Amino acid sequence: MIGWALYLAYTLLLPPLLIGLLRKLKSRLQGRQGPPVWQVYRDLAKLARKGETISETTTWVFAAAPSVALGCVLVCALSVPWLGLPAPLHGDVFLLVYLLALGKFAMSLAALDPGTTFGALGASREAAVGVLAEPALVLALAALAVQAGSSDLAVLFASRPGAELGTLLPLVGTALWLSITAELARMPVDDPTTHLELTMIHEALILENSGRNLALVELGAGIKLAVLFGLLAQVLLMGTPALAPWAAHATSLALIVGACAVVAFIETVMVRLRWRRIPALMAFGLTAATMACLIVALKSEAPSPAPDRHAPAWHRPSAQPSDETTAIPPQRSGLRPDATLERGGPARAVLFAPRSGAEHV
Amino acid sequence: MSETMAAFLVLTGLWMVGLTNLRTKLVVYGVQTLALDAAAVSIGWQHGELALIVVGLVSALLKGLAVPTYLLHLTRHIGCRRDEGLFIAPPLLLLLTVGVLSALLLLRPMHDALRVADLPALALLLIGMILMISRRMAVSQIIGFLVLENGIFYYTIAQPRSMPLLVELGVLLELLAVAMLAGLLAFRINDRFEHIDVTALDSLRD
């Protein structure tokens, strides 16, 4: 119950603040005063009060799409443990990816519905960027899922890759960062402040929206930003020893704000990439994610050789025995018994064959 | 720490595969080499191996600073800034790199002593090869060779028993000589043919 209340409160109240903070930071970095941090709340309230102007050629698709997109993002926000605390719903890697795609699909349909040129242009570009960004996201999360032996996000983030897999998190983090910035229509891929319709990607999609419709879209975009940065924070937290819930929560919030600061900095010093260069950027993320998958595959394929007594300490996992044939302590296997008991049943949605030591699933 | 460094090396290597600007590529190479040398020095410091510290410092001086500076000077002199003439477009090349890197999966049955810690080194070696064969400009191919050598160097410092100091220093010196010679060669090619596009060397000319 507390989980529900907490997650709903954060989901509805934090995102406008984050966007306001991002805009403020960006303005200050660019030497401007910038709007106050609370401006986004006021904007949303204003939009909710205003009337709507809709083209006569639109159908129910246009009216329904923002709600569908917001619904998808809300389910994401309640099923991904992005705050570092157990999420109220069961989240899964593939559920997350499909929900993001469904929301984008709904918005693209809505942009095509009025039959304007810019909307169609934006829809086709958004779809192209989505197609390029999604494989990196899927593969990066899949590498983590194989490593943890489960695609359940709660189990996945509770697992800790050993010292031998230390290369995994930087590779996954890079791939995730690139695909998340593309997903959020942020700088190297898209410029959120552009005023020229021809260069717009995400903004062209919502040119026709107004009033309450636009408020829903803006809120959805904010929640998506918070949830995806929270997801990245959880991935980074996997590199630290297991933290207490409040410490994990505080660190997650700090990392989310930090990610916003990084975005503000990037948007100050960089310009948008040319449209033709975007595939190279996305291919870089995809390659990093595939490298992570390769490392996990090679690790899990065969038992690692017996520890070399002469090997320097940087090769030996510090505290754990490196011989995989011995029983793995529960906190290394990724499937903590207490994590499954908390949810009142066995862990669901185990798509990957669990590694040795996780037979109790 | 060492693993994070390994990931950094692989990521910068992959970034170089996608880059078309020669100057940026040289700077990225310099940063990569300095990071690698920092890793060597820190490992040597931790384990009291003087050889690794010396090799790391000399390598930082020669490979991290001298070679990129020389090659930057060369590109400025020749006046070639970009290596647009690829055999394959960068995104496709990156995806091809994925295919080549999956060759690492084949290594497993052949070599039982292969450790996960060695993978980034082997990946860097393969990336160097891809850099060498995929570009047209002579300078890019030199960079590819240097990245390949970085992979070998990382492999040796990741081994429990590293090579003797003398061998390492000899390799470094040889590398410097090779880079100078290749640069000189590129300069001469440019002098004679007014470009350093090596594919054009196939056609005969009086």
# chains A, B, ... in the order shown; residues from 1 in each chain; ligands from 1

call {"tool": "residues_around", "arguments": {"residues": "stretch 204-218 of chain A", "least_positions_apart": "5", "cutoff": "6 Å", "atoms": "only C-alpha atoms", "output": "list of chain:residue names"}}
result
A:Leu44, A:Leu47, A:Ala48, A:Lys50, A:Gly51, A:Glu52, A:Pro66, A:Ala111, A:Phe118, A:Gly119, A:Gly122, A:Ala123

call {"tool": "interface_residues", "arguments": {"of": "chain B", "to": "chain A", "cutoff": "6 Å", "atoms": "only C-alpha atoms", "output": "NGL selection string"}}
result
:B and (3-4 or 7 or 90-91 or 98 or 160)

call {"tool": "atom_distance", "arguments": {"atom1": "atom CA of A:Leu13", "atom2": "atom CA of A:Leu96"}}
result
21.3 Å

call {"tool": "residues_around", "arguments": {"residues": "A:Leu17", "least_positions_apart": "5", "cutoff": "8 Å", "atoms": "only C-alpha atoms", "output": "compact mmCIF listing (two decimals) with C-alpha atoms, in the first residue's frame"}}
result
# COMPACT_ATOMS: atom_id res chain seq x y z
CA VAL A 37 11.68 25.64 -11.46
CA TRP A 38 7.90 25.50 -10.76
CA VAL A 40 6.12 23.41 -15.61
CA TYR A 41 3.40 22.85 -12.96

call {"tool": "atom_distance", "arguments": {"atom1": "atom CA of B:Thr20", "atom2": "atom CA of B:Leu148"}}
result
18.4 Å

call {"tool": "atom_distance", "arguments": {"atom1": "atom CA of A:Pro161", "atom2": "atom CA of A:Ser300"}}
result
11.9 Å

call {"tool": "residues_around", "arguments": {"residues": "stretch 122-136 of chain B", "least_positions_apart": "4", "cutoff": "10 Å", "atoms": "only C-alpha atoms", "output": "PyMOL selection string"}}
result
(chain A and resi 291) or (chain B and resi 6+9-14+16-18+20+83-90+93-94+96-98+100-104+117-118+140-155+196-200)

call {"tool": "closest_residue", "arguments": {"among": "B:Leu74, B:Leu65, B:His47, B:Arg81", "to": "B:Thr24", "atoms": "only C-alpha atoms"}}
result
B:Arg81

call {"tool": "residues_around", "arguments": {"residues": "B:Leu165", "least_positions_apart": "4", "cutoff": "10 Å", "atoms": "only C-alpha atoms", "output": "ChimeraX atom specification"}}
result
/B:50-55,169-171

call {"tool": "residues_around", "arguments": {"residues": "stretch 180-189 of chain B", "least_positions_apart": "3", "cutoff": "9 Å", "atoms": "only C-alpha atoms", "output": "PyMOL selection string"}}
result
chain B and resi 67+70-71+74+77-78+137-139+142+175-177+192-198

call {"tool": "select_by_dssp", "arguments": {"residues": "stretch 75-259 of chain A", "states": "helix (DSSP H, G or I)", "output": "number ranges by chain"}}
result
A: 75-79, 93-112, 117-148, 153-158, 163-165, 168-183, 197-199, 202-205, 211-237, 245-259

call {"tool": "write_last_selection", "arguments": {"atoms": "C-alpha atoms", "output": "compact mmCIF listing (two decimals), in the first residue's frame"}}
result
# COMPACT_ATOMS: atom_id res chain seq x y z
CA VAL A 75 2.26 1.37 -16.19
CA CYS A 76 6.01 1.64 -16.84
CA ALA A 77 6.39 4.00 -13.89
CA LEU A 78 4.52 1.64 -11.56
CA SER A 79 6.24 -1.55 -12.70
CA VAL A 93 12.37 -6.18 -19.31
CA PHE A 94 10.23 -6.99 -22.30
CA LEU A 95 7.09 -5.42 -20.84
CA LEU A 96 9.01 -2.17 -20.46
CA VAL A 97 10.28 -2.22 -24.04
CA TYR A 98 6.87 -3.04 -25.51
CA LEU A 99 5.08 -0.41 -23.44
CA LEU A 100 7.52 2.26 -24.65
CA ALA A 101 6.97 1.10 -28.24
CA LEU A 102 3.17 1.07 -27.83
CA GLY A 103 3.15 4.64 -26.52
CA LYS A 104 5.28 5.78 -29.43
CA PHE A 105 3.04 3.93 -31.88
CA ALA A 106 -0.07 5.66 -30.48
CA MET A 107 1.56 9.09 -30.77
CA SER A 108 2.70 8.39 -34.33
CA LEU A 109 -0.85 7.41 -35.31
CA ALA A 110 -2.18 10.60 -33.74
CA ALA A 111 0.34 12.65 -35.71
CA LEU A 112 -0.75 10.99 -38.95
CA THR A 117 2.70 17.36 -43.58
CA PHE A 118 4.79 18.12 -40.52
CA GLY A 119 2.98 15.60 -38.39
CA ALA A 120 3.58 12.84 -40.92
CA LEU A 121 7.22 13.90 -41.24
CA GLY A 122 7.65 13.81 -37.47
CA ALA A 123 5.92 10.44 -37.23
CA SER A 124 8.16 8.84 -39.82
CA ARG A 125 11.30 10.29 -38.19
CA GLU A 126 10.21 9.26 -34.72
CA ALA A 127 9.60 5.72 -35.99
CA ALA A 128 13.01 5.62 -37.69
CA VAL A 129 14.81 6.80 -34.54
CA GLY A 130 12.79 4.33 -32.49
CA VAL A 131 13.77 1.44 -34.73
CA LEU A 132 17.43 2.44 -34.40
CA ALA A 133 17.36 3.02 -30.63
CA GLU A 134 15.32 0.04 -29.51
CA PRO A 135 17.76 -2.83 -30.26
CA ALA A 136 20.43 -1.23 -28.06
CA LEU A 137 17.93 -0.89 -25.19
CA VAL A 138 16.73 -4.49 -25.57
CA LEU A 139 20.22 -6.00 -25.87
CA ALA A 140 21.64 -3.98 -22.98
CA LEU A 141 18.82 -5.07 -20.67
CA ALA A 142 19.01 -8.63 -22.04
CA ALA A 143 22.71 -8.83 -21.12
CA LEU A 144 21.80 -7.87 -17.55
CA ALA A 145 18.88 -10.32 -17.55
CA VAL A 146 21.06 -13.24 -18.67
CA GLN A 147 23.61 -12.31 -16.05
CA ALA A 148 20.95 -12.21 -13.32
CA LEU A 153 13.32 -6.19 -13.18
CA ALA A 154 13.18 -6.46 -9.37
CA VAL A 155 15.34 -9.60 -9.38
CA LEU A 156 17.57 -8.15 -12.09
CA PHE A 157 18.40 -5.00 -10.15
CA ALA A 158 18.86 -6.95 -6.91
CA ALA A 163 34.24 -8.62 -10.18
CA GLU A 164 34.92 -10.71 -13.26
CA LEU A 165 31.99 -9.04 -15.05
CA LEU A 168 29.55 -5.28 -18.15
CA LEU A 169 28.10 -2.23 -16.42
CA PRO A 170 30.07 0.49 -18.28
CA LEU A 171 29.13 -1.10 -21.62
CA VAL A 172 25.47 -1.49 -20.66
CA GLY A 173 25.40 2.01 -19.18
CA THR A 174 26.73 3.56 -22.39
CA ALA A 175 24.26 1.67 -24.58
CA LEU A 176 21.38 2.61 -22.27
CA TRP A 177 22.38 6.26 -22.13
CA LEU A 178 22.46 6.54 -25.92
CA SER A 179 19.15 4.82 -26.48
CA ILE A 180 17.51 6.71 -23.60
CA THR A 181 18.54 10.10 -25.00
CA ALA A 182 17.10 9.03 -28.35
CA GLU A 183 13.94 7.76 -26.66
CA GLU A 197 9.37 22.51 -38.16
CA LEU A 198 11.63 20.98 -40.78
CA THR A 199 14.26 20.00 -38.20
CA HIS A 202 9.49 14.75 -31.50
CA GLU A 203 8.10 18.30 -31.48
CA ALA A 204 6.63 17.88 -34.96
CA LEU A 205 4.67 14.95 -33.62
CA GLY A 211 -5.17 22.20 -24.35
CA ARG A 212 -5.75 19.15 -22.19
CA ASN A 213 -4.48 16.89 -24.95
CA LEU A 214 -1.12 18.66 -24.90
CA ALA A 215 -0.99 18.63 -21.09
CA LEU A 216 -1.30 14.83 -21.12
CA VAL A 217 1.48 14.55 -23.69
CA GLU A 218 3.79 16.85 -21.72
CA LEU A 219 3.13 15.01 -18.48
CA GLY A 220 3.77 11.68 -20.22
CA ALA A 221 7.08 12.94 -21.61
CA GLY A 222 8.14 14.09 -18.14
CA ILE A 223 7.26 10.76 -16.52
CA LYS A 224 9.16 8.93 -19.25
CA LEU A 225 12.25 11.05 -18.53
CA ALA A 226 12.07 10.33 -14.79
CA VAL A 227 11.45 6.59 -15.24
CA LEU A 228 14.18 6.04 -17.83
CA PHE A 229 16.77 7.99 -15.86
CA GLY A 230 15.66 6.05 -12.78
CA LEU A 231 16.22 2.82 -14.72
CA LEU A 232 19.73 3.99 -15.60
CA ALA A 233 20.32 4.85 -11.93
CA GLN A 234 19.36 1.30 -10.94
CA VAL A 235 21.80 -0.11 -13.49
CA LEU A 236 24.57 2.09 -12.06
CA LEU A 237 23.62 1.02 -8.53
CA PRO A 245 16.39 0.69 0.89
CA TRP A 246 16.52 4.33 2.02
CA ALA A 247 20.13 4.69 0.84
CA ALA A 248 19.27 3.13 -2.53
CA HIS A 249 16.28 5.49 -2.78
CA ALA A 250 18.32 8.59 -1.96
CA THR A 251 21.09 7.56 -4.37
CA SER A 252 18.54 6.91 -7.13
CA LEU A 253 17.03 10.38 -6.71
CA ALA A 254 20.49 11.94 -6.70
CA LEU A 255 21.43 10.02 -9.85
CA ILE A 256 18.21 11.07 -11.62
CA VAL A 257 18.91 14.73 -10.85
CA GLY A 258 22.53 14.16 -11.90
CA ALA A 259 21.39 12.72 -15.24

call {"tool": "closest_residue", "arguments": {"among": "A:Ala261, A:Ala69, A:His90, A:Arg274", "to": "A:Gly20", "atoms": "only C-alpha atoms"}}
result
A:Ala261

call {"tool": "closest_residue", "arguments": {"among": "B:Thr156, B:Ser2, B:Asn190, B:Thr75", "to": "B:Leu26", "atoms": "only C-alpha atoms"}}
result
B:Thr75
